[in-house]
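Chemist: Here it is: the structure, laid out below.
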Amino acid sequence: MATGPNVAIGLTVIFLVALCCCVAYKGKVWVKQFAVMMFESKKAQQQVNQRRARREERELAEEEESDLSPSSNPRGGHIHKLRSSKTNIKTMAVHPAGTGAMRAAVRTIISSRPGTTTTPHSFISRPRHVTTPTTKIKTFCTTTPARAPIPTSSTSSPAQPSDSSNGRTTHFGFQDGLSETEKTERVAGVFHSVAESYDRMNDLMSFGVHRIWKDHFVTSLNPGLSSATPPTPQRILDIAGGTGDIAFRMLHHAHVLNHNPNVHVTISDINASMLAVGKSRSQSLPASQQAALSFLKADATSLPPQIPSASIDLYTVAFGIRNFANIPLALREAHRVLKPGGVFACLEFSKVNNFVLDAAYKRWSFGAIPLIGQLVAGDRDSYQYLVESIERFPSQERFRRMIEDAGFVVGGRGYEDLTGGVAAIHKGMKPL
Amino acid sequence: MAPSRAFTRLAALQRARPAACRSSAVPRAYHSYDHPPPPGSFNTAEQAILSAAYRHVPEHGFTQHTLSLGAREAGYLDISTNLLPEGPFSLIRYHLVTQREALAPRSETVFGGGSEKNPGHPPLQVSDKVERLAWERLQGNKDVNHRWQEALAVMAQPTHVPASLRELALLADEIIYLAGDASVDPSWYAKRGALSTVYASSELFMTNDRSPGFGETRQFLRRRLDESARVGSAIGNVAQWVGFTASAGVNVLRSTGVRI
């Protein structure tokens, strides 16, 4: 009997158990200390920001006294609230220096309930220190105050949609009452800042499950399958597919598994940074697949004339549609460019059916994902937006109705839940 | 007063319930006279693709290729087969559903004028009708019998097992309903369970049957139904004996003064 390996295994187990105990006992403090270290360098800038915020708050207060005009930066008020919140007082007592980091690490914020405020003015002009009946305390953090626009000439007035090309309003995370152009700009900002670390973050946030979802999505679509000889050509449009995750899988499936070299994929994204990542990644593909790939920078709600009506066999959008400024318009645009009989397929986060899983999932997405974003990508607010936009996205049933309203036919139940509804695949066909 | 308010609320609930049932269109596992089943389980586009593809099944089997051929024939694209969420299993389900729905008109032609044409014959027993209907349904597999093993393999995949069992239960219920059995006692479940088992095993037997006109399958089906009837009567006899003995024992104990 070999004792050496057994001893080694035993020691490893003891070490791991001890490590787990330590993490369980002191883990929270370590994470906080790490966050403080991360933000020590940014402290100077934070102080500048705070000073500016305070100055703006003063201006705002004066403004509000004169009339109930919308405020553009509740950041100052946000800090004020933090000071009064219990959690923060405790953590500040532990680390009086790391105020900025603490604010990012643990936030308890009073904010408006999502969906109850639909008019553009209602949230912003609400008196800030009063808890009205429509407000409730969130135990998780939210972008509502933190993502308020840094005042610039174009975005400083979210409550004045008249400066944009269309007057319709939409939402950004838990924030209501934004014009569509503004949402487009902000989403662009989010994805500019996360493009570099996109893959690494996806793996960390979903434990690598997103790869399984994407594989299943492409396998179930079965692009390139053709009963004719020679195989009929297919044109696939991958919307919001900047990094090429879906497009490269499609090409592999069609060219290698289904032996159909006549499949062409167009990757379209509104964001040049994401497209650049995809372009550089496509360099490692086989030449034949690179030849069947093209890139297009376009807005999914109004596709350019390069893509004529009734020209596409398969329109896919994976984890992108919830960022669109106007989802029904994008669906109608998809209906326009698809051939009769063409398929619209969408992979998107959705609503979890099991309440136990849902509780765990909510805890993970609101507690851990922004923190991971902060530690790994150095950008908390973008990931905060990510989880909030997931929360705001309609349920499976409602989204299926939206697809049907755009003129598609859906088969069976119309959607397929993945991992208990964390994500869902929706498919629709343009009728003949 | 509280009670009256409670009653009003109950009445309101009872009024609201039928509407809710109708709107949700919950598929029922039994025959309801008040709520007939929704017309079709496939929409028009699905129907078009599936019915076109079904013609290719004897040649190409229950495969994605068949579906793709069907889609092209119906004027759709190759990619349109994505409309069917379960792929080849949709084709199998289409076969099961159409065959089950065809059973009601066929039973009318089989039994419809039976008693009037031959007034001398006694009316058929329920068990005979069940045997006849199960045989009619098995004959529905005639054209795809050489492909049916593939289909059974697909149906046995874990993701498709619930839907397959559901179809089997619906078929057993349909057969027993059409045979005119209206009993609503615990044997309701026993009958349907027994018929499902017998039908499934006969179907499996049929996939290997090479006899002309599948005569051996019919013999097999008859033997299994007889056995289940015998087992059923045996269980009934045993239960009767146990019940009698138990009550007799209780009475004996009571006669000796035990307070039971």
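Here, A, B, ... name the chains of the structure tokens in the order displayed, residue numbers run from 1 inside each chain, and ligands are numbered from 1 in the same displayed order.
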Just list the residues in region 225-315 of chain A DSSP gives alpha helix (DSSP H) on the backbone, as a list of chain:residue names.
Modeler: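 Of region 225-315 of chain A, only A:Asp245, A:Ile246, A:Ala247, A:Phe248, A:Arg249, A:Met250, A:Leu251, A:His252, A:Ala272, A:Ser273, A:Met274, A:Leu275, A:Ala276, A:Val277, A:Gly278, A:Lys279, A:Ser280, A:Arg281, A:Ser282, A:Ala287, A:Ser288, A:Gln289, A:Gln290, A:Ala291 fall in alpha helix (DSSP H).
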Chemist: Include N, CA, C and O atoms and write out the residues we just selected as a short mmCIF file (atom, residue, chain, number, x, y, z; two decimals), in the first residue's frame.
Modeler:
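As written to disk, selection_14.cif reads:
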data_model
loop_
_atom_site.label_atom_id
_atom_site.label_comp_id
_atom_site.auth_asym_id
_atom_site.auth_seq_id
_atom_site.Cartn_x
_atom_site.Cartn_y
_atom_site.Cartn_z
N ASP A 245 -18.44 35.10 -30.94
CA ASP A 245 -18.70 33.84 -30.24
C ASP A 245 -19.64 32.94 -31.02
O ASP A 245 -19.37 31.76 -31.21
N ILE A 246 -20.77 33.52 -31.42
CA ILE A 246 -21.79 32.74 -32.11
C ILE A 246 -21.37 32.49 -33.55
O ILE A 246 -21.47 31.38 -34.06
N ALA A 247 -20.85 33.54 -34.20
CA ALA A 247 -20.55 33.44 -35.63
C ALA A 247 -19.50 32.36 -35.90
O ALA A 247 -19.66 31.58 -36.85
N PHE A 248 -18.46 32.28 -35.07
CA PHE A 248 -17.42 31.28 -35.32
C PHE A 248 -17.97 29.88 -35.12
O PHE A 248 -17.64 28.94 -35.86
N ARG A 249 -18.84 29.72 -34.12
CA ARG A 249 -19.46 28.40 -33.91
C ARG A 249 -20.33 28.02 -35.11
O ARG A 249 -20.35 26.87 -35.55
N MET A 250 -21.08 29.02 -35.61
CA MET A 250 -21.95 28.77 -36.78
C MET A 250 -21.12 28.30 -37.96
O MET A 250 -21.48 27.34 -38.64
N LEU A 251 -20.02 29.01 -38.22
CA LEU A 251 -19.19 28.66 -39.37
C LEU A 251 -18.65 27.25 -39.21
O LEU A 251 -18.66 26.46 -40.16
N HIS A 252 -18.18 26.94 -38.01
CA HIS A 252 -17.65 25.59 -37.78
C HIS A 252 -18.73 24.55 -38.01
O HIS A 252 -18.52 23.53 -38.69
N ALA A 272 -17.81 49.50 -32.20
CA ALA A 272 -16.57 49.24 -32.94
C ALA A 272 -15.56 48.48 -32.09
O ALA A 272 -14.81 47.65 -32.61
N SER A 273 -15.54 48.72 -30.78
CA SER A 273 -14.56 48.03 -29.93
C SER A 273 -14.81 46.53 -29.93
O SER A 273 -13.87 45.73 -30.00
N MET A 274 -16.09 46.16 -29.81
CA MET A 274 -16.41 44.73 -29.79
C MET A 274 -16.07 44.11 -31.15
O MET A 274 -15.55 42.99 -31.22
N LEU A 275 -16.38 44.83 -32.22
CA LEU A 275 -16.06 44.31 -33.56
C LEU A 275 -14.56 44.12 -33.72
O LEU A 275 -14.12 43.15 -34.34
N ALA A 276 -13.78 45.05 -33.14
CA ALA A 276 -12.32 44.93 -33.26
C ALA A 276 -11.84 43.67 -32.57
O ALA A 276 -10.99 42.94 -33.10
N VAL A 277 -12.42 43.36 -31.42
CA VAL A 277 -12.06 42.13 -30.72
C VAL A 277 -12.38 40.92 -31.60
O VAL A 277 -11.56 40.01 -31.75
N GLY A 278 -13.57 40.94 -32.20
CA GLY A 278 -13.98 39.84 -33.06
C GLY A 278 -13.06 39.69 -34.26
O GLY A 278 -12.68 38.58 -34.64
N LYS A 279 -12.68 40.83 -34.86
CA LYS A 279 -11.81 40.79 -36.04
C LYS A 279 -10.47 40.16 -35.68
O LYS A 279 -9.96 39.31 -36.41
N SER A 280 -9.91 40.57 -34.56
CA SER A 280 -8.60 40.02 -34.20
C SER A 280 -8.73 38.54 -33.87
O SER A 280 -7.83 37.76 -34.18
N ARG A 281 -9.84 38.14 -33.27
CA ARG A 281 -9.99 36.72 -32.97
C ARG A 281 -10.20 35.90 -34.23
O ARG A 281 -9.83 34.72 -34.27
N SER A 282 -10.83 36.51 -35.25
CA SER A 282 -11.11 35.74 -36.47
C SER A 282 -9.83 35.39 -37.23
O SER A 282 -9.87 34.55 -38.12
N ALA A 287 -8.68 29.63 -43.35
CA ALA A 287 -8.86 30.65 -44.39
C ALA A 287 -10.25 30.57 -45.01
O ALA A 287 -10.87 31.60 -45.30
N SER A 288 -10.75 29.35 -45.22
CA SER A 288 -12.05 29.21 -45.88
C SER A 288 -13.16 29.85 -45.02
O SER A 288 -14.09 30.45 -45.54
N GLN A 289 -13.01 29.71 -43.71
CA GLN A 289 -14.02 30.30 -42.84
C GLN A 289 -13.87 31.81 -42.78
O GLN A 289 -14.87 32.54 -42.69
N GLN A 290 -12.61 32.28 -42.81
CA GLN A 290 -12.42 33.73 -42.81
C GLN A 290 -13.04 34.35 -44.05
O GLN A 290 -13.57 35.46 -44.01
N ALA A 291 -12.96 33.61 -45.17
CA ALA A 291 -13.51 34.14 -46.42
C ALA A 291 -15.02 34.24 -46.34
O ALA A 291 -15.63 35.06 -47.03
#
Chemist: Write out as JSON, numbers by chain every residue belonging to chain A that has an atom at most 8 Å from any atom of chain B, counting only C-alpha atoms.
Modeler: {"A": [220, 221, 222, 223, 224, 225, 226, 227, 313, 314, 340, 341, 342, 343, 409, 410, 411, 412, 414, 427, 428, 429, 431, 432]}
Chemist: Quick one: everything within 10 Å of region 92-105 of chain B, counting only C-alpha atoms, minus sequence neighbours fewer than 6 positions away in the same chain. Send it as a PDB file with N, CA and C atoms, in the first residue's frame.
Modeler:
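Written file, around-v1.pdb:
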ATOM      1  N   GLY B  40     -56.170  21.747 -32.661  1.00  0.00           N
ATOM      2  CA  GLY B  40     -54.982  21.048 -33.146  1.00  0.00           C
ATOM      3  C   GLY B  40     -53.788  21.341 -32.274  1.00  0.00           C
ATOM      4  N   SER B  41     -52.866  20.377 -32.207  1.00  0.00           N
ATOM      5  CA  SER B  41     -51.677  20.650 -31.403  1.00  0.00           C
ATOM      6  C   SER B  41     -50.558  21.231 -32.251  1.00  0.00           C
ATOM      7  N   PHE B  42     -50.794  21.429 -33.547  1.00  0.00           N
ATOM      8  CA  PHE B  42     -49.789  22.053 -34.413  1.00  0.00           C
ATOM      9  C   PHE B  42     -50.428  23.238 -35.126  1.00  0.00           C
ATOM     10  N   GLU B  46     -46.489  24.659 -38.978  1.00  0.00           N
ATOM     11  CA  GLU B  46     -45.948  23.372 -38.526  1.00  0.00           C
ATOM     12  C   GLU B  46     -46.623  22.229 -39.275  1.00  0.00           C
ATOM     13  N   GLN B  47     -47.961  22.360 -39.394  1.00  0.00           N
ATOM     14  CA  GLN B  47     -48.749  21.334 -40.073  1.00  0.00           C
ATOM     15  C   GLN B  47     -48.257  21.152 -41.513  1.00  0.00           C
ATOM     16  N   LEU B  50     -44.780  19.450 -41.493  1.00  0.00           N
ATOM     17  CA  LEU B  50     -44.826  18.077 -40.988  1.00  0.00           C
ATOM     18  C   LEU B  50     -45.562  17.156 -41.947  1.00  0.00           C
ATOM     19  N   SER B  51     -46.679  17.638 -42.494  1.00  0.00           N
ATOM     20  CA  SER B  51     -47.432  16.737 -43.370  1.00  0.00           C
ATOM     21  C   SER B  51     -46.642  16.458 -44.645  1.00  0.00           C
ATOM     22  N   TYR B  54     -43.894  14.015 -43.597  1.00  0.00           N
ATOM     23  CA  TYR B  54     -44.376  12.692 -43.185  1.00  0.00           C
ATOM     24  C   TYR B  54     -44.390  11.720 -44.360  1.00  0.00           C
ATOM     25  N   VAL B  57     -41.185   9.765 -44.683  1.00  0.00           N
ATOM     26  CA  VAL B  57     -40.720   8.955 -43.548  1.00  0.00           C
ATOM     27  C   VAL B  57     -40.386   7.516 -43.961  1.00  0.00           C
ATOM     28  N   GLY B  61     -36.912   7.823 -42.906  1.00  0.00           N
ATOM     29  CA  GLY B  61     -37.015   7.670 -41.453  1.00  0.00           C
ATOM     30  C   GLY B  61     -37.376   8.968 -40.749  1.00  0.00           C
ATOM     31  N   PHE B  62     -37.405   8.886 -39.424  1.00  0.00           N
ATOM     32  CA  PHE B  62     -37.758  10.061 -38.612  1.00  0.00           C
ATOM     33  C   PHE B  62     -36.482  10.856 -38.350  1.00  0.00           C
ATOM     34  N   THR B  63     -36.026  11.617 -39.349  1.00  0.00           N
ATOM     35  CA  THR B  63     -34.743  12.300 -39.223  1.00  0.00           C
ATOM     36  C   THR B  63     -34.883  13.778 -39.582  1.00  0.00           C
ATOM     37  N   GLU B  86     -38.639  20.516 -31.398  1.00  0.00           N
ATOM     38  CA  GLU B  86     -38.026  19.259 -30.973  1.00  0.00           C
ATOM     39  C   GLU B  86     -37.401  18.487 -32.120  1.00  0.00           C
ATOM     40  N   GLY B 112     -69.859   1.344 -36.023  1.00  0.00           N
ATOM     41  CA  GLY B 112     -71.031   2.214 -36.237  1.00  0.00           C
ATOM     42  C   GLY B 112     -72.308   1.465 -36.509  1.00  0.00           C
ATOM     43  N   LEU B 133     -59.961  -1.957 -31.168  1.00  0.00           N
ATOM     44  CA  LEU B 133     -59.427  -0.597 -31.353  1.00  0.00           C
ATOM     45  C   LEU B 133     -57.899  -0.584 -31.250  1.00  0.00           C
ATOM     46  N   ALA B 134     -57.361  -1.345 -30.299  1.00  0.00           N
ATOM     47  CA  ALA B 134     -55.900  -1.405 -30.169  1.00  0.00           C
ATOM     48  C   ALA B 134     -55.300  -1.968 -31.449  1.00  0.00           C
ATOM     49  N   GLU B 136     -56.651  -1.743 -34.474  1.00  0.00           N
ATOM     50  CA  GLU B 136     -56.769  -0.697 -35.496  1.00  0.00           C
ATOM     51  C   GLU B 136     -55.633   0.315 -35.363  1.00  0.00           C
ATOM     52  N   ARG B 137     -55.325   0.665 -34.124  1.00  0.00           N
ATOM     53  CA  ARG B 137     -54.258   1.645 -33.904  1.00  0.00           C
ATOM     54  C   ARG B 137     -52.888   1.069 -34.308  1.00  0.00           C
ATOM     55  N   LEU B 138     -52.680  -0.220 -34.007  1.00  0.00           N
ATOM     56  CA  LEU B 138     -51.408  -0.845 -34.390  1.00  0.00           C
ATOM     57  C   LEU B 138     -51.272  -0.877 -35.893  1.00  0.00           C
ATOM     58  N   GLN B 139     -52.392  -1.054 -36.596  1.00  0.00           N
ATOM     59  CA  GLN B 139     -52.324  -1.069 -38.061  1.00  0.00           C
ATOM     60  C   GLN B 139     -51.932   0.290 -38.614  1.00  0.00           C
ATOM     61  N   GLY B 140     -52.153   1.337 -37.825  1.00  0.00           N
ATOM     62  CA  GLY B 140     -51.710   2.667 -38.240  1.00  0.00           C
ATOM     63  C   GLY B 140     -50.198   2.769 -38.363  1.00  0.00           C
ATOM     64  N   ASN B 141     -49.478   1.868 -37.689  1.00  0.00           N
ATOM     65  CA  ASN B 141     -48.009   1.873 -37.760  1.00  0.00           C
ATOM     66  C   ASN B 141     -47.475   1.094 -38.966  1.00  0.00           C
ATOM     67  N   VAL B 144     -44.937   2.744 -41.434  1.00  0.00           N
ATOM     68  CA  VAL B 144     -43.650   3.206 -40.911  1.00  0.00           C
ATOM     69  C   VAL B 144     -43.034   2.153 -39.996  1.00  0.00           C
ATOM     70  N   TRP B 148     -39.907   2.167 -37.190  1.00  0.00           N
ATOM     71  CA  TRP B 148     -40.460   2.474 -35.886  1.00  0.00           C
ATOM     72  C   TRP B 148     -39.470   2.231 -34.752  1.00  0.00           C
ATOM     73  N   GLU B 150     -36.310   3.103 -34.750  1.00  0.00           N
ATOM     74  CA  GLU B 150     -35.624   4.393 -34.585  1.00  0.00           C
ATOM     75  C   GLU B 150     -36.488   5.335 -33.762  1.00  0.00           C
ATOM     76  N   ALA B 151     -37.765   5.360 -34.119  1.00  0.00           N
ATOM     77  CA  ALA B 151     -38.663   6.284 -33.432  1.00  0.00           C
ATOM     78  C   ALA B 151     -38.746   5.943 -31.941  1.00  0.00           C
ATOM     79  N   LEU B 152     -38.825   4.634 -31.637  1.00  0.00           N
ATOM     80  CA  LEU B 152     -38.889   4.235 -30.224  1.00  0.00           C
ATOM     81  C   LEU B 152     -37.618   4.653 -29.501  1.00  0.00           C
ATOM     82  N   VAL B 154     -35.746   7.256 -30.205  1.00  0.00           N
ATOM     83  CA  VAL B 154     -35.819   8.700 -29.954  1.00  0.00           C
ATOM     84  C   VAL B 154     -36.774   8.989 -28.802  1.00  0.00           C
ATOM     85  N   MET B 155     -37.921   8.262 -28.799  1.00  0.00           N
ATOM     86  CA  MET B 155     -38.908   8.501 -27.745  1.00  0.00           C
ATOM     87  C   MET B 155     -38.370   8.126 -26.373  1.00  0.00           C
ATOM     88  N   ALA B 163     -43.114  13.459 -22.810  1.00  0.00           N
ATOM     89  CA  ALA B 163     -44.064  13.686 -23.902  1.00  0.00           C
ATOM     90  C   ALA B 163     -44.542  12.364 -24.487  1.00  0.00           C
ATOM     91  N   SER B 164     -43.625  11.387 -24.582  1.00  0.00           N
ATOM     92  CA  SER B 164     -44.014  10.091 -25.147  1.00  0.00           C
ATOM     93  C   SER B 164     -45.018   9.384 -24.234  1.00  0.00           C
ATOM     94  N   GLU B 167     -48.393  10.891 -24.551  1.00  0.00           N
ATOM     95  CA  GLU B 167     -49.114  10.440 -25.746  1.00  0.00           C
ATOM     96  C   GLU B 167     -49.679   9.040 -25.539  1.00  0.00           C
ATOM     97  N   LEU B 168     -48.884   8.175 -24.889  1.00  0.00           N
ATOM     98  CA  LEU B 168     -49.347   6.806 -24.631  1.00  0.00           C
ATOM     99  C   LEU B 168     -50.587   6.826 -23.737  1.00  0.00           C
ATOM    100  N   LEU B 170     -52.715   9.268 -23.384  1.00  0.00           N
ATOM    101  CA  LEU B 170     -53.849   9.814 -24.144  1.00  0.00           C
ATOM    102  C   LEU B 170     -54.439   8.751 -25.058  1.00  0.00           C
ATOM    103  N   LEU B 171     -53.555   7.939 -25.652  1.00  0.00           N
ATOM    104  CA  LEU B 171     -54.031   6.887 -26.557  1.00  0.00           C
ATOM    105  C   LEU B 171     -54.851   5.862 -25.785  1.00  0.00           C
ATOM    106  N   ALA B 172     -54.343   5.415 -24.621  1.00  0.00           N
ATOM    107  CA  ALA B 172     -55.065   4.420 -23.820  1.00  0.00           C
ATOM    108  C   ALA B 172     -56.422   4.976 -23.409  1.00  0.00           C
ATOM    109  N   GLU B 174     -58.116   7.272 -24.972  1.00  0.00           N
ATOM    110  CA  GLU B 174     -58.963   7.364 -26.166  1.00  0.00           C
ATOM    111  C   GLU B 174     -59.591   6.007 -26.486  1.00  0.00           C
ATOM    112  N   ILE B 175     -58.774   4.960 -26.421  1.00  0.00           N
ATOM    113  CA  ILE B 175     -59.279   3.633 -26.772  1.00  0.00           C
ATOM    114  C   ILE B 175     -60.383   3.209 -25.798  1.00  0.00           C
ATOM    115  N   TYR B 177     -62.180   5.089 -23.899  1.00  0.00           N
ATOM    116  CA  TYR B 177     -63.357   5.959 -24.056  1.00  0.00           C
ATOM    117  C   TYR B 177     -64.191   5.521 -25.256  1.00  0.00           C
ATOM    118  N   LEU B 178     -63.501   5.262 -26.386  1.00  0.00           N
ATOM    119  CA  LEU B 178     -64.235   4.879 -27.593  1.00  0.00           C
ATOM    120  C   LEU B 178     -64.877   3.509 -27.433  1.00  0.00           C
TER     121      LEU B 178
END
Chemist: Counting only C-alpha atoms, which residue out of B:Glu216, B:Pro36, B:Gln157, B:Ala179 sits closest to Glu108 (chain B)?
Modeler: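 Selected residue with least distance to Glu108 (chain B): B:Ala179.
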Chemist: What does the structure give for the distance between CA of Thr217 (chain B) and CA of Trp135 (chain B), in Å to one decimal?
Modeler: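 Separation between CA of Thr217 (chain B) and CA of Trp135 (chain B): 8.8 Å.
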Chemist: Would you mind listing what lies within 12 Å of Arg400 (chain A) as a list in words, with only C-alpha atoms counted and same-chain residues fewer than 5 positions away left out?
Modeler: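 Once the adjacent positions are removed, what remains is Pro328, Leu331, Phe344, Ala345, Cys346, Ser350, Pro394, Ser395, Asp405, Ala406, Gly407, Phe408, Val409, Val410, Gly411, Gly412, Arg413, Gly414, Tyr415, Glu416, Ala424, Ile425, His426, Lys427 and Gly428 of chain A.
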Chemist: So that I can check the surroundings of Phe172 (chain A), please list as a list in words every protein, DNA and RNA residue that reaches within 7 Å of it, counting only C-alpha atoms and ignoring chain neighbours fewer than 4 positions away.
Modeler: Asp176, Lys183 and Ser389 of chain A
Chemist: I want to know what sits within 10 Å of Trp188 (chain B), based on only C-alpha atoms, with residues of the same chain fewer than 6 positions away left out; could you give that as a list in words?
Modeler: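 Near neighbours after the sequence-gap exclusion: Asp173, Ile176, Asp181 and Ala182 of chain B.
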Chemist: Could you take the residues named above and write them with all heavy atoms, as a CSV table (one decimal), in the first residue's frame?
Modeler:
chain,number,residue,atom,x,y,z
B,173,ASP,N,-56.4,6.3,-23.0
B,173,ASP,CA,-57.7,6.9,-22.6
B,173,ASP,C,-58.6,6.9,-23.8
B,173,ASP,O,-59.8,6.6,-23.6
B,173,ASP,CB,-57.4,8.3,-22.1
B,173,ASP,CG,-58.6,8.9,-21.6
B,173,ASP,OD1,-59.3,8.3,-20.7
B,173,ASP,OD2,-59.0,10.0,-22.1
B,176,ILE,N,-60.1,3.4,-24.5
B,176,ILE,CA,-61.1,3.0,-23.5
B,176,ILE,C,-62.4,3.8,-23.6
B,176,ILE,O,-63.5,3.3,-23.5
B,176,ILE,CB,-60.5,3.0,-22.1
B,176,ILE,CG1,-59.4,1.9,-22.0
B,176,ILE,CG2,-61.5,2.8,-21.0
B,176,ILE,CD1,-58.8,1.7,-20.7
B,181,ASP,N,-66.4,2.5,-22.2
B,181,ASP,CA,-66.2,2.2,-20.8
B,181,ASP,C,-66.4,3.5,-20.0
B,181,ASP,O,-65.7,4.5,-20.3
B,181,ASP,CB,-64.8,1.6,-20.5
B,181,ASP,CG,-64.7,1.3,-19.0
B,181,ASP,OD1,-64.5,2.2,-18.2
B,181,ASP,OD2,-64.8,0.1,-18.7
B,182,ALA,N,-67.4,3.6,-19.2
B,182,ALA,CA,-67.7,4.8,-18.5
B,182,ALA,C,-67.6,4.7,-17.0
B,182,ALA,O,-68.1,5.6,-16.2
B,182,ALA,CB,-69.2,5.3,-18.8
Chemist: Which is closest to Leu91 (chain B) among B:His56, B:Arg106, B:His35, B:Arg223, if we use only C-alpha atoms?
Modeler: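 Checking each candidate against Leu91 (chain B), we get B:His56 as the closest.
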